Each structure stands twice: as C-alpha cells, then as structure tokens.
file entry-v1.cif (mmCIF, C-alpha atoms)
data_data
loop_
_atom_site.label_atom_id
_atom_site.label_comp_id
_atom_site.auth_asym_id
_atom_site.auth_seq_id
_atom_site.Cartn_x
_atom_site.Cartn_y
_atom_site.Cartn_z
CA MET A 1 -27.68 -79.69 84.37
CA MET A 2 -26.54 -76.62 86.23
CA ASN A 3 -29.70 -76.74 88.30
CA ASP A 4 -29.04 -80.33 89.32
CA THR A 5 -25.55 -79.58 90.63
CA LYS A 6 -26.94 -76.64 92.57
CA LYS A 7 -29.62 -78.85 94.08
CA ASP A 8 -27.07 -81.50 94.88
CA LEU A 9 -24.82 -78.90 96.54
CA LYS A 10 -27.70 -77.54 98.52
CA ASN A 11 -28.57 -81.04 99.73
CA ARG A 12 -24.99 -81.63 100.85
CA ILE A 13 -24.86 -78.29 102.66
CA ASN A 14 -28.15 -79.13 104.32
CA HIS A 15 -26.69 -82.48 105.38
CA ILE A 16 -23.65 -80.71 106.88
CA GLU A 17 -25.95 -78.37 108.74
CA ASP A 18 -28.01 -81.30 110.04
CA VAL A 19 -24.91 -83.12 111.26
CA LEU A 20 -23.55 -80.00 112.96
CA ALA A 21 -26.95 -79.43 114.57
CA SER A 22 -27.12 -82.96 115.95
CA VAL A 23 -23.53 -82.70 117.24
CA ALA A 24 -24.43 -79.44 118.92
CA ALA A 25 -27.44 -81.20 120.43
CA GLY A 26 -25.09 -83.78 121.95
CA ASP A 27 -25.18 -86.64 119.46
CA MET A 28 -21.48 -87.40 119.09
CA GLU A 29 -22.10 -90.32 116.70
CA ALA A 30 -23.26 -88.08 113.86
CA ARG A 31 -20.83 -87.88 110.91
CA ILE A 32 -21.09 -86.40 107.43
CA ASN A 33 -19.46 -89.42 105.68
CA SER A 34 -19.50 -87.93 102.22
CA GLU A 35 -18.58 -90.24 99.35
CA ILE A 36 -18.26 -87.64 96.63
CA GLU A 37 -14.79 -86.27 95.85
CA ASP A 38 -14.85 -82.57 95.08
CA ASP A 39 -14.06 -79.14 96.54
CA LEU A 40 -16.57 -79.53 99.36
CA SER A 41 -15.36 -82.97 100.47
CA GLY A 42 -12.24 -81.44 102.08
CA ILE A 43 -14.36 -79.30 104.33
CA GLU A 44 -16.63 -82.24 105.09
CA ALA A 45 -13.68 -84.42 106.05
CA ALA A 46 -12.30 -81.62 108.21
CA ILE A 47 -15.62 -81.26 110.01
CA ASP A 48 -15.74 -85.01 110.63
CA LEU A 49 -12.24 -84.85 112.04
CA LEU A 50 -13.16 -81.98 114.30
CA ILE A 51 -16.18 -83.88 115.59
CA GLU A 52 -13.91 -86.85 116.25
CA ASP A 53 -11.48 -84.69 118.24
CA LEU A 54 -14.30 -83.06 120.15
CA THR A 55 -15.67 -86.45 121.13
CA ASP A 56 -12.28 -87.50 122.43
CA GLU A 57 -11.89 -84.29 124.41
CA LEU A 58 -15.32 -84.64 125.94
CA LYS A 59 -14.59 -88.19 127.00
CA LYS A 60 -11.32 -87.11 128.59
CA ARG A 61 -13.01 -84.28 130.41
CA GLU A 62 -15.64 -86.61 131.79
CA VAL A 63 -13.00 -88.92 133.20
CA MET A 64 -11.14 -86.01 134.75
CA GLN A 65 -14.28 -84.62 136.27
CA ARG A 66 -15.06 -87.93 137.87
CA GLU A 67 -11.55 -88.06 139.31
CA VAL A 68 -11.87 -84.53 140.70
CA GLU A 69 -15.22 -85.34 142.24
CA ASP A 70 -13.77 -88.44 143.89
CA LYS A 71 -10.90 -86.42 145.28
CA LEU A 72 -13.24 -83.71 146.52
CA ALA A 73 -15.36 -86.26 148.34
CA LYS A 74 -12.24 -87.67 149.96
CA ILE A 75 -11.07 -84.19 151.02
CA GLN A 76 -14.47 -83.41 152.47
CA GLU A 77 -14.35 -86.61 154.48
CA GLN A 78 -10.92 -85.68 155.80
CA GLN A 79 -12.11 -82.18 156.62
CA LYS A 80 -14.92 -83.67 158.69
CA THR A 81 -12.47 -85.83 160.60
CA ILE A 82 -10.23 -82.83 161.25
CA LEU A 83 -13.14 -80.76 162.55
CA GLN A 84 -14.28 -83.60 164.78
CA GLN A 85 -10.79 -84.01 166.16
CA GLN A 86 -10.45 -80.29 166.76
CA GLN A 87 -13.70 -80.36 168.68
CA ASP A 88 -12.48 -83.32 170.72
CA LEU A 89 -9.21 -81.56 171.41
CA LEU A 90 -11.02 -78.43 172.59
CA GLU A 91 -13.12 -80.45 174.97
CA LEU A 92 -10.16 -82.44 176.23
CA SER A 93 -7.68 -79.65 176.49
CA SER A 94 -8.88 -77.43 179.27
CA PRO A 95 -9.80 -79.23 182.43
CA VAL A 96 -10.22 -76.96 185.42
CA SER A 97 -9.96 -78.76 188.73
CA LYS A 98 -10.35 -77.69 192.29
CA VAL A 99 -7.33 -78.96 194.19
CA TRP A 100 -7.69 -77.29 197.56
CA ASP A 101 -10.06 -75.07 199.44
CA ASN A 102 -10.37 -71.98 197.36
CA VAL A 103 -7.75 -73.07 194.79
CA LEU A 104 -8.39 -73.96 191.16
CA ILE A 105 -5.79 -75.33 188.76
CA LEU A 106 -5.87 -75.11 185.00
CA PRO A 107 -2.98 -77.05 183.47
CA VAL A 108 -2.37 -76.02 179.89
CA ILE A 109 -0.65 -78.53 177.61
CA GLY A 110 0.26 -78.11 173.97
CA THR A 111 0.30 -75.18 171.63
CA LEU A 112 -2.18 -72.47 172.35
CA ASP A 113 -4.24 -70.77 169.67
CA SER A 114 -6.91 -68.12 169.98
CA GLN A 115 -9.80 -70.55 169.88
CA ARG A 116 -8.34 -72.82 172.53
CA THR A 117 -7.51 -69.93 174.82
CA GLN A 118 -11.02 -68.60 174.38
CA VAL A 119 -12.56 -71.92 175.45
CA MET A 120 -10.03 -72.16 178.27
CA MET A 121 -10.89 -68.70 179.52
CA GLU A 122 -14.62 -69.38 179.45
CA ASN A 123 -14.19 -72.69 181.28
CA LEU A 124 -12.01 -71.10 183.94
CA LEU A 125 -14.37 -68.20 184.57
CA GLU A 126 -17.40 -70.49 184.73
CA LYS A 127 -15.60 -72.70 187.20
CA ILE A 128 -14.54 -69.74 189.35
CA VAL A 129 -18.16 -68.64 189.65
CA GLU A 130 -19.37 -72.19 190.20
CA THR A 131 -16.93 -73.10 192.97
CA GLY A 132 -16.42 -69.67 194.47
CA CYS A 133 -12.65 -70.18 194.52
CA THR A 134 -10.67 -66.97 194.77
CA VAL A 135 -7.30 -68.25 193.56
CA ALA A 136 -6.75 -69.79 190.13
CA ILE A 137 -3.42 -71.19 188.99
CA LEU A 138 -2.73 -71.23 185.27
CA ASP A 139 0.06 -73.73 184.76
CA ILE A 140 1.73 -73.33 181.38
CA THR A 141 4.59 -75.81 181.91
CA GLY A 142 3.33 -77.83 178.97
CA VAL A 143 3.21 -74.92 176.54
CA PRO A 144 6.22 -74.91 174.19
CA THR A 145 5.87 -71.42 172.72
CA VAL A 146 3.89 -68.28 173.17
CA ASP A 147 3.21 -65.60 170.56
CA THR A 148 1.77 -62.12 170.97
CA GLN A 149 -1.79 -63.25 170.49
CA VAL A 150 -1.55 -66.05 173.01
CA ALA A 151 0.18 -63.82 175.56
CA ASN A 152 -2.59 -61.31 175.01
CA HIS A 153 -5.19 -63.99 175.63
CA LEU A 154 -3.46 -65.05 178.83
CA LEU A 155 -3.48 -61.43 179.98
CA LYS A 156 -7.17 -61.20 179.15
CA THR A 157 -7.90 -64.36 181.10
CA VAL A 158 -6.09 -63.03 184.15
CA THR A 159 -7.82 -59.65 183.90
CA SER A 160 -11.27 -61.23 183.50
CA ALA A 161 -10.65 -63.45 186.51
CA ARG A 162 -9.70 -60.36 188.49
CA LEU A 163 -12.92 -58.66 187.42
CA LEU A 164 -14.85 -61.60 188.84
CA GLY A 165 -12.96 -61.21 192.08
CA ALA A 166 -10.46 -64.05 191.78
CA GLU A 167 -6.70 -63.86 191.63
CA CYS A 168 -4.91 -65.62 188.80
CA ILE A 169 -1.37 -66.93 189.15
CA ILE A 170 0.62 -68.07 186.13
CA SER A 171 3.16 -70.79 186.85
CA GLY A 172 5.68 -72.78 184.87
CA ILE A 173 6.93 -70.14 182.48
CA SER A 174 9.79 -71.77 180.59
CA PRO A 175 13.01 -69.90 179.73
CA ALA A 176 11.99 -69.83 176.07
CA ILE A 177 8.62 -68.30 176.88
CA ALA A 178 10.17 -65.77 179.25
CA GLN A 179 12.54 -64.71 176.46
CA THR A 180 9.76 -64.44 173.91
CA ILE A 181 7.56 -62.44 176.24
CA VAL A 182 10.29 -59.91 176.95
CA HIS A 183 11.34 -59.73 173.29
CA LEU A 184 7.74 -59.11 172.26
CA GLY A 185 7.57 -56.31 174.79
CA ILE A 186 4.60 -57.75 176.66
CA ASP A 187 4.19 -56.36 180.13
CA LEU A 188 3.38 -59.12 182.59
CA SER A 189 4.27 -57.06 185.65
CA SER A 190 0.63 -56.78 186.67
CA ILE A 191 0.35 -60.55 186.80
CA ARG A 192 1.61 -62.74 189.60
CA THR A 193 3.97 -65.34 188.16
CA LYS A 194 5.54 -68.27 189.96
CA ALA A 195 8.35 -70.57 188.83
CA THR A 196 6.66 -73.91 189.36
CA LEU A 197 3.23 -75.26 190.11
CA GLN A 198 4.53 -76.10 193.58
CA ASP A 199 5.47 -72.49 194.29
CA ALA A 200 2.11 -71.35 193.02
CA MET A 201 0.30 -73.85 195.26
CA ILE A 202 2.30 -72.74 198.30
CA PHE A 203 1.55 -69.13 197.51
CA ALA A 204 -2.15 -69.84 197.04
CA MET A 205 -2.37 -71.70 200.34
CA LYS A 206 -0.56 -68.91 202.17
CA GLN A 207 -2.96 -66.45 200.61
CA ASN A 208 -5.83 -68.60 201.88
CA LYS A 209 -4.41 -68.72 205.37
CA ARG A 210 -3.91 -64.98 205.40
CA SER A 211 -7.50 -64.28 204.43
CA GLU A 212 -8.75 -66.80 207.00
CA ASP A 213 -6.65 -65.26 209.77
CA SER A 214 -7.90 -61.83 208.95
CA ARG A 215 -11.51 -62.97 209.02
CA PRO A 216 -13.12 -61.79 212.25
CA HIS A 217 -14.75 -64.40 214.45
CA SER A 218 -18.30 -64.45 213.30
CA ARG A 219 -20.86 -63.70 215.93
CA PHE A 220 -22.63 -66.93 215.17
CA ALA A 221 -19.49 -68.91 215.91
CA ASP A 222 -19.12 -67.09 219.21
CA ALA A 223 -22.71 -67.84 220.09
CA ASP A 224 -22.17 -71.51 219.26
CA GLU A 225 -19.17 -71.66 221.58
CA LYS A 226 -21.18 -70.11 224.38
CA ASN A 227 -23.98 -72.59 223.86
CA GLU A 228 -21.57 -75.44 224.18
CA MET B 1 -43.23 -40.44 186.18
CA ASN B 2 -41.43 -43.15 184.33
CA THR B 3 -38.00 -41.92 185.39
CA ASP B 4 -39.21 -41.63 188.98
CA LEU B 5 -40.15 -45.29 188.92
CA GLN B 6 -36.78 -46.26 187.47
CA GLU B 7 -34.96 -44.21 190.05
CA LYS B 8 -36.70 -46.01 192.85
CA ARG B 9 -35.88 -49.42 191.46
CA ILE B 10 -32.30 -49.47 192.66
CA PRO B 11 -32.29 -49.21 196.42
CA ILE B 12 -29.21 -48.16 198.34
CA ILE B 13 -29.11 -49.86 201.71
CA LYS B 14 -26.86 -48.75 204.52
CA ILE B 15 -25.55 -51.48 206.78
CA ARG B 16 -23.13 -50.31 209.45
CA ASP B 17 -20.40 -48.45 207.58
CA PHE B 18 -21.26 -49.83 204.18
CA LEU B 19 -23.68 -49.08 201.44
CA ILE B 20 -25.14 -51.99 199.55
CA VAL B 21 -26.37 -51.43 196.04
CA SER B 22 -27.99 -54.37 194.34
CA ILE B 23 -28.70 -53.79 190.70
CA GLN B 24 -31.67 -55.94 189.78
CA VAL B 25 -32.73 -54.36 186.49
CA ASP B 26 -31.10 -53.81 183.14
CA MET B 27 -29.00 -50.69 183.23
CA HIS B 28 -29.86 -47.87 180.88
CA ASP B 29 -27.46 -45.03 180.40
CA ARG B 30 -29.71 -42.56 182.16
CA LEU B 31 -30.35 -44.93 185.02
CA ALA B 32 -26.61 -45.43 185.39
CA ILE B 33 -25.92 -41.72 185.61
CA LYS B 34 -28.72 -41.32 188.15
CA LEU B 35 -27.36 -44.22 190.18
CA GLN B 36 -23.88 -42.76 190.14
CA SER B 37 -24.95 -39.44 191.62
CA GLN B 38 -27.35 -41.16 194.00
CA ILE B 39 -24.57 -43.32 195.43
CA LEU B 40 -22.17 -40.41 195.77
CA GLU B 41 -24.81 -38.34 197.54
CA GLU B 42 -25.57 -41.23 199.85
CA ILE B 43 -21.85 -41.57 200.67
CA ALA B 44 -21.71 -37.89 201.56
CA LYS B 45 -24.90 -38.11 203.61
CA THR B 46 -24.11 -41.24 205.60
CA GLY B 47 -20.34 -41.05 205.71
CA ALA B 48 -20.11 -44.64 204.51
CA LYS B 49 -16.64 -46.12 204.26
CA GLY B 50 -17.42 -48.72 201.65
CA VAL B 51 -19.81 -49.41 198.81
CA LEU B 52 -20.73 -52.87 197.58
CA ILE B 53 -22.26 -52.95 194.13
CA ASP B 54 -23.86 -56.27 193.25
CA ILE B 55 -24.07 -56.77 189.51
CA SER B 56 -24.70 -60.52 189.53
CA VAL B 57 -27.98 -60.06 187.69
CA LEU B 58 -26.51 -57.90 184.94
CA GLU B 59 -26.09 -60.03 181.85
CA MET B 60 -24.85 -57.33 179.58
CA VAL B 61 -22.57 -54.42 180.25
CA ASP B 62 -21.62 -51.97 177.52
CA SER B 63 -18.66 -49.66 177.49
CA PHE B 64 -20.69 -46.83 178.97
CA ILE B 65 -21.80 -48.79 182.01
CA GLY B 66 -18.29 -50.19 182.39
CA ARG B 67 -16.79 -46.71 182.36
CA MET B 68 -19.50 -45.53 184.73
CA LEU B 69 -18.67 -48.29 187.22
CA SER B 70 -14.94 -47.66 187.17
CA GLY B 71 -15.54 -43.90 187.29
CA MET B 72 -17.75 -44.33 190.29
CA ALA B 73 -15.04 -46.32 192.08
CA THR B 74 -12.55 -43.51 191.51
CA MET B 75 -15.02 -40.84 192.64
CA ALA B 76 -15.96 -42.78 195.76
CA SER B 77 -12.34 -43.38 196.67
CA ILE B 78 -11.75 -39.63 196.51
CA MET B 79 -14.60 -39.36 198.99
CA ASP B 80 -12.84 -41.92 201.22
CA ALA B 81 -15.15 -44.81 200.42
CA ALA B 82 -13.90 -48.02 198.81
CA VAL B 83 -16.00 -49.55 196.06
CA VAL B 84 -16.16 -53.30 195.58
CA ILE B 85 -17.94 -54.67 192.55
CA VAL B 86 -19.48 -57.98 193.40
CA GLY B 87 -20.68 -61.02 191.49
CA MET B 88 -19.72 -60.14 187.94
CA GLN B 89 -20.71 -62.81 185.44
CA PRO B 90 -18.03 -64.45 183.27
CA ALA B 91 -19.57 -63.19 180.04
CA VAL B 92 -19.60 -59.65 181.39
CA ALA B 93 -15.97 -59.92 182.48
CA ILE B 94 -14.95 -61.15 179.03
CA THR B 95 -16.88 -58.35 177.36
CA LEU B 96 -15.30 -55.69 179.54
CA VAL B 97 -11.80 -57.03 178.91
CA GLU B 98 -12.45 -57.23 175.16
CA LEU B 99 -13.62 -53.61 175.31
CA GLY B 100 -10.31 -52.75 176.96
CA LEU B 101 -11.99 -51.80 180.22
CA ASP B 102 -9.96 -53.79 182.71
CA MET B 103 -10.95 -51.41 185.52
CA PRO B 104 -7.63 -50.81 187.21
CA GLY B 105 -8.05 -49.73 190.80
CA VAL B 106 -11.48 -51.25 191.16
CA ASP B 107 -11.80 -54.06 193.68
CA THR B 108 -13.92 -57.03 192.80
CA ALA B 109 -15.26 -59.98 194.75
CA LEU B 110 -16.98 -63.20 193.81
CA ASN B 111 -19.98 -62.64 196.03
CA MET B 112 -21.44 -60.24 198.55
CA GLU B 113 -19.99 -62.14 201.51
CA LYS B 114 -16.44 -62.02 200.16
CA GLY B 115 -16.86 -58.38 199.23
CA MET B 116 -17.99 -57.56 202.74
CA GLU B 117 -15.00 -59.43 204.19
CA MET B 118 -12.70 -57.51 201.90
CA LEU B 119 -14.08 -54.17 203.03
CA GLU B 120 -13.96 -55.13 206.71
CA LYS B 121 -10.37 -56.24 206.37
CA ARG B 122 -9.49 -53.00 204.66
CA MET B 123 -11.15 -50.97 207.40
CA ARG B 124 -9.28 -52.88 210.10
CA ASP B 125 -5.99 -52.37 208.26
CA GLN B 126 -6.73 -48.69 208.03
CA GLN B 127 -7.52 -48.46 211.73
CA VAL B 128 -4.19 -50.12 212.51
CA GLU B 129 -2.46 -47.63 210.24
CA ASP B 130 -4.26 -44.70 211.86
CA PHE B 131 -3.07 -45.59 215.33
#

call {"tool": "encode", "arguments": {"input": "entry-v1.cif", "output": "structure tokens"}}
result
Amino acid sequence: MMNDTKKDLKNRINHIEDVLASVAAGDMEARINSEIEDDLSGIEAAIDLLIEDLTDELKKREVMQREVEDKLAKIQEQQKTILQQQQDLLELSSPVSKVWDNVLILPVIGTLDSQRTQVMMENLLEKIVETGCTVAILDITGVPTVDTQVANHLLKTVTSARLLGAECIISGISPAIAQTIVHLGIDLSSIRTKATLQDAMIFAMKQNKRSEDSRPHSRFADADEKNE
Amino acid sequence: MNTDLQEKRIPIIKIRDFLIVSIQVDMHDRLAIKLQSQILEEIAKTGAKGVLIDISVLEMVDSFIGRMLSGMATMASIMDAAVVIVGMQPAVAITLVELGLDMPGVDTALNMEKGMEMLEKRMRDQQVEDF
C-alpha cells in the first residue's frame, strides 16, 4: 500500500519534471493538468498558472519586439534621407565663381558648421589654384550667426588662401556677427573686411589695376609693337 | 654618397637678381636643413635680392619643413633677400594652417610668374625709396 503511494507520487513528480522540461524547451502548450486532489495538487496548479503567465508574457514581448523593429527600420530610413540631404546640401552650398579677371566670389548662405566650412575651404582653395585668381571674396551676408568654431574656420580659410598666394576679403559682416566676433575676442585685424559685396568688388578691382599698372612692359610686348 | 646625390637634386638657379629653387623631390628633414644652408650661402655668394621657392610638387609638408621654410624666409630677409614661396598646394596649405604654422611674414604667390612679378615690384619700390 505504502509502496503504491510512493510509486504514484514518483510518477507525478516525474510528470511535473517532464512538463517543466518541455516548457523550458519552448513548448508552451504543455500543462500538468492533475486530477488528483491532495497536497501536491496545489503546487501543480501553481506551476500551471506560472506557465500560463509566462506564455502571456512571451506573447506580449514578441509583439513589442516586432513594434520596436518596425520603428527601428523607419528610423534607419529617415537617417538615410537625412544623410542624403546633408550630402546634397554640402554639394549645393559652396559654389565658387569667377566674376572678374582675377576675382573669385564665394557667397555663403545659411548656418555654417565645421563640416560645411571644411568643404567650402577645400573648394575655394582648389578653385584658386585652378583659375589662378589672386583675390577671393568671401561674402557672408547670408550667414545669420557665427560661433567661435566657425570664426576660427573662416580665419583658417583666409590664412590658407594667403599661403597659396591669394588674398581673401570677407564682406557682408552683419551687426550681429560683428558683435559676436568682438564678444568672443576673435582677432580679425589681420583679415581685410569690407561692408558689402560691392565694396569688396571695388577693392578687388582696384587691387587688380594696381598690380597691372606696376607690371613692367614685357619685352615681348615691346618687340611686338616694334614689329607692327 | 647617398647624401651627395640628394644634395645635388635641388638646384639653385640664379636669374638676374633672383635665386630660383624648385623642389622636385620629397623633402626629408636632412635635405631640408642642407637646402636651407645652401640657399643662404648662395644668397651671400651672389648677393641675390630675392629667392623664389617653388613647392608645387610637394604633396606633403610636416611641421618641420613648414618651420624650416618660414625660418628660411626670416633668415633671408635679415640678409636683405626677400623669400617668396610659390605654388603651394591646397592640401599643404590646409595642413600648415591646421598645424598652426600660418607663416607670418612669408610672402606667397600662386605661381612662379606671379612670384617673380611680386619680387620685381618690391625691388622697384625699394629703389624709389632709396632715391
């Protein structure tokens, strides 16, 4: 009699173990479903309940995960668009054009950041070398604000242009920018600044004239005149 | 032997009152120091009034070479010869500025022709002043 109960108990414990093992293996349908009412049945019922709860939780988590993945995909898509647009903006934002003999103009519009100024600087220097222009006008009429970093970049651009052998004029400094620059303690005294693009152009053309006047008549030109 | 060869690679040509130095090889530190003293000796020997250094072929300039170039300009100006650095590449200019070597007091020109004009103009101005 005693032996039978023991055997029975052992069987039930084995069954519990089996169910727990299959749940652990991922089979959420497994239940103990004991029909006998005794001390052990409470535990069995509790385990069943726990499995039930676990199943629910897992389902919820799966749904949430799917939502998060969807959102992530959307964010990645947006990120791509933003990068593309940034690239476009960089390409669009720094046109360097030759407007007169020896004069280049770089109109800057919009807020400047380090990356943009870097691209701008490279473009300008390349163009200076390409065209052989010795005066470059950096027009910052369209720039609303300037911070230390941007001012620093502007200084670097002007200095690099000087190293190549070209003079850089900054024009169109707004009152707000002038105030910021002085408040930040940035020294622009080594840079030629003009009020408007017009003033800068006039200055550049005068500079041109001066260097042309000072150029000695080349011997070849003299020879040509004699031949004629 | 090797250093002798390197020394000979950078010729210093005298044209009228100017010396023309065209750097056509990568600059090593030792070569740079040699070049510096070579140019200064040549200034003393020929009494040149201007030096044009063409660095259009140099694709990389480190802080040492940068300092050497600006140092040479100062030394030459003490010896009454103006130095114009000619044909610097954009990348080199950016590097030098990033290194904080903005070479104050060194004249630069886009190409040899413009550099020559610059020196001639300076000499004429000086002659006017002297009179």

call {"tool": "closest_atom_pairs", "arguments": {"input": "entry-v1.cif", "of": "chain B", "to": "chain A", "cutoff": "7 Å", "atoms": "all atoms listed in the file", "output": "Markdown table"}}
result
| residue | atom | partner | partner_atom | distance |
| --- | --- | --- | --- | --- |
| B:Gly87 | CA | A:Leu164 | CA | 6.4 |
| B:Met88 | CA | A:Leu164 | CA | 5.2 |
| B:Gln89 | CA | A:Leu164 | CA | 6.9 |
| B:Pro90 | CA | A:Leu125 | CA | 5.4 |
| B:Ala93 | CA | A:Ser160 | CA | 5.0 |
| B:Ile94 | CA | A:Ser160 | CA | 5.8 |
| B:Val97 | CA | A:Lys156 | CA | 6.2 |
| B:Asp102 | CA | A:Thr159 | CA | 6.4 |
| B:Thr108 | CA | A:Gly165 | CA | 4.3 |
| B:Ala109 | CA | A:Gly165 | CA | 3.7 |
| B:Leu110 | CA | A:Gly165 | CA | 4.8 |
| B:Glu117 | CA | A:Arg215 | CA | 6.9 |
| B:Lys121 | CA | A:Ser214 | CA | 6.6 |

call {"tool": "write_last_selection", "arguments": {"input": "entry-v1.cif", "atoms": "C-alpha atoms", "output": "tab-separated table (two decimals), in the frame of the given file"}}
result
chain	number	residue	atom	x	y	z
B	87	GLY	CA	-20.68	-61.02	191.49
B	88	MET	CA	-19.72	-60.14	187.94
B	89	GLN	CA	-20.71	-62.81	185.44
B	90	PRO	CA	-18.03	-64.45	183.27
B	93	ALA	CA	-15.97	-59.92	182.48
B	94	ILE	CA	-14.95	-61.15	179.03
B	97	VAL	CA	-11.80	-57.03	178.91
B	102	ASP	CA	-9.96	-53.79	182.71
B	108	THR	CA	-13.92	-57.03	192.80
B	109	ALA	CA	-15.26	-59.98	194.75
B	110	LEU	CA	-16.98	-63.20	193.81
B	117	GLU	CA	-15.00	-59.43	204.19
B	121	LYS	CA	-10.37	-56.24	206.37

call {"tool": "residues_near_point", "arguments": {"input": "entry-v1.cif", "point": "(-24.6, -51.6, 200.2)", "cutoff": "12 Å", "atoms": "all atoms listed in the file", "output": "ChimeraX atom specification"}}
result
/B:10-23,39,42-43,46,48-55,81-86,112-113,115-116,119

call {"tool": "write_last_selection", "arguments": {"input": "entry-v1.cif", "atoms": "C-alpha atoms", "output": "PDB file, keeping the file's coordinate frame"}}
result
ATOM      1  CA  ILE B  10     -32.300 -49.470 192.660  1.00  0.00           C
ATOM      2  CA  PRO B  11     -32.290 -49.210 196.420  1.00  0.00           C
ATOM      3  CA  ILE B  12     -29.210 -48.160 198.340  1.00  0.00           C
ATOM      4  CA  ILE B  13     -29.110 -49.860 201.710  1.00  0.00           C
ATOM      5  CA  LYS B  14     -26.860 -48.750 204.520  1.00  0.00           C
ATOM      6  CA  ILE B  15     -25.550 -51.480 206.780  1.00  0.00           C
ATOM      7  CA  ARG B  16     -23.130 -50.310 209.450  1.00  0.00           C
ATOM      8  CA  ASP B  17     -20.400 -48.450 207.580  1.00  0.00           C
ATOM      9  CA  PHE B  18     -21.260 -49.830 204.180  1.00  0.00           C
ATOM     10  CA  LEU B  19     -23.680 -49.080 201.440  1.00  0.00           C
ATOM     11  CA  ILE B  20     -25.140 -51.990 199.550  1.00  0.00           C
ATOM     12  CA  VAL B  21     -26.370 -51.430 196.040  1.00  0.00           C
ATOM     13  CA  SER B  22     -27.990 -54.370 194.340  1.00  0.00           C
ATOM     14  CA  ILE B  23     -28.700 -53.790 190.700  1.00  0.00           C
ATOM     15  CA  ILE B  39     -24.570 -43.320 195.430  1.00  0.00           C
ATOM     16  CA  GLU B  42     -25.570 -41.230 199.850  1.00  0.00           C
ATOM     17  CA  ILE B  43     -21.850 -41.570 200.670  1.00  0.00           C
ATOM     18  CA  THR B  46     -24.110 -41.240 205.600  1.00  0.00           C
ATOM     19  CA  ALA B  48     -20.110 -44.640 204.510  1.00  0.00           C
ATOM     20  CA  LYS B  49     -16.640 -46.120 204.260  1.00  0.00           C
ATOM     21  CA  GLY B  50     -17.420 -48.720 201.650  1.00  0.00           C
ATOM     22  CA  VAL B  51     -19.810 -49.410 198.810  1.00  0.00           C
ATOM     23  CA  LEU B  52     -20.730 -52.870 197.580  1.00  0.00           C
ATOM     24  CA  ILE B  53     -22.260 -52.950 194.130  1.00  0.00           C
ATOM     25  CA  ASP B  54     -23.860 -56.270 193.250  1.00  0.00           C
ATOM     26  CA  ILE B  55     -24.070 -56.770 189.510  1.00  0.00           C
ATOM     27  CA  ALA B  81     -15.150 -44.810 200.420  1.00  0.00           C
ATOM     28  CA  ALA B  82     -13.900 -48.020 198.810  1.00  0.00           C
ATOM     29  CA  VAL B  83     -16.000 -49.550 196.060  1.00  0.00           C
ATOM     30  CA  VAL B  84     -16.160 -53.300 195.580  1.00  0.00           C
ATOM     31  CA  ILE B  85     -17.940 -54.670 192.550  1.00  0.00           C
ATOM     32  CA  VAL B  86     -19.480 -57.980 193.400  1.00  0.00           C
ATOM     33  CA  MET B 112     -21.440 -60.240 198.550  1.00  0.00           C
ATOM     34  CA  GLU B 113     -19.990 -62.140 201.510  1.00  0.00           C
ATOM     35  CA  GLY B 115     -16.860 -58.380 199.230  1.00  0.00           C
ATOM     36  CA  MET B 116     -17.990 -57.560 202.740  1.00  0.00           C
ATOM     37  CA  LEU B 119     -14.080 -54.170 203.030  1.00  0.00           C
TER      38      LEU B 119
END

call {"tool": "residues_around", "arguments": {"input": "entry-v1.cif", "residues": "region 34-43 of chain A", "least_positions_apart": "3", "cutoff": "12 Å", "atoms": "all atoms listed in the file", "output": "NGL selection string"}}
result
:A and (5 or 8-13 or 15-16 or 19 or 31 or 46-50)

call {"tool": "closest_residue", "arguments": {"input": "entry-v1.cif", "among": "B:Leu31, B:Glu120, B:Asp107, B:Gln126", "to": "Met68 (chain B)", "atoms": "only C-alpha atoms"}}
result
B:Leu31

call {"tool": "residues_around", "arguments": {"input": "entry-v1.cif", "residues": "region 196-207 of chain A", "least_positions_apart": "5", "cutoff": "12 Å", "atoms": "all atoms listed in the file", "output": "PyMOL selection string"}}
result
chain A and resi 98-108+133-142+166-174+212-214
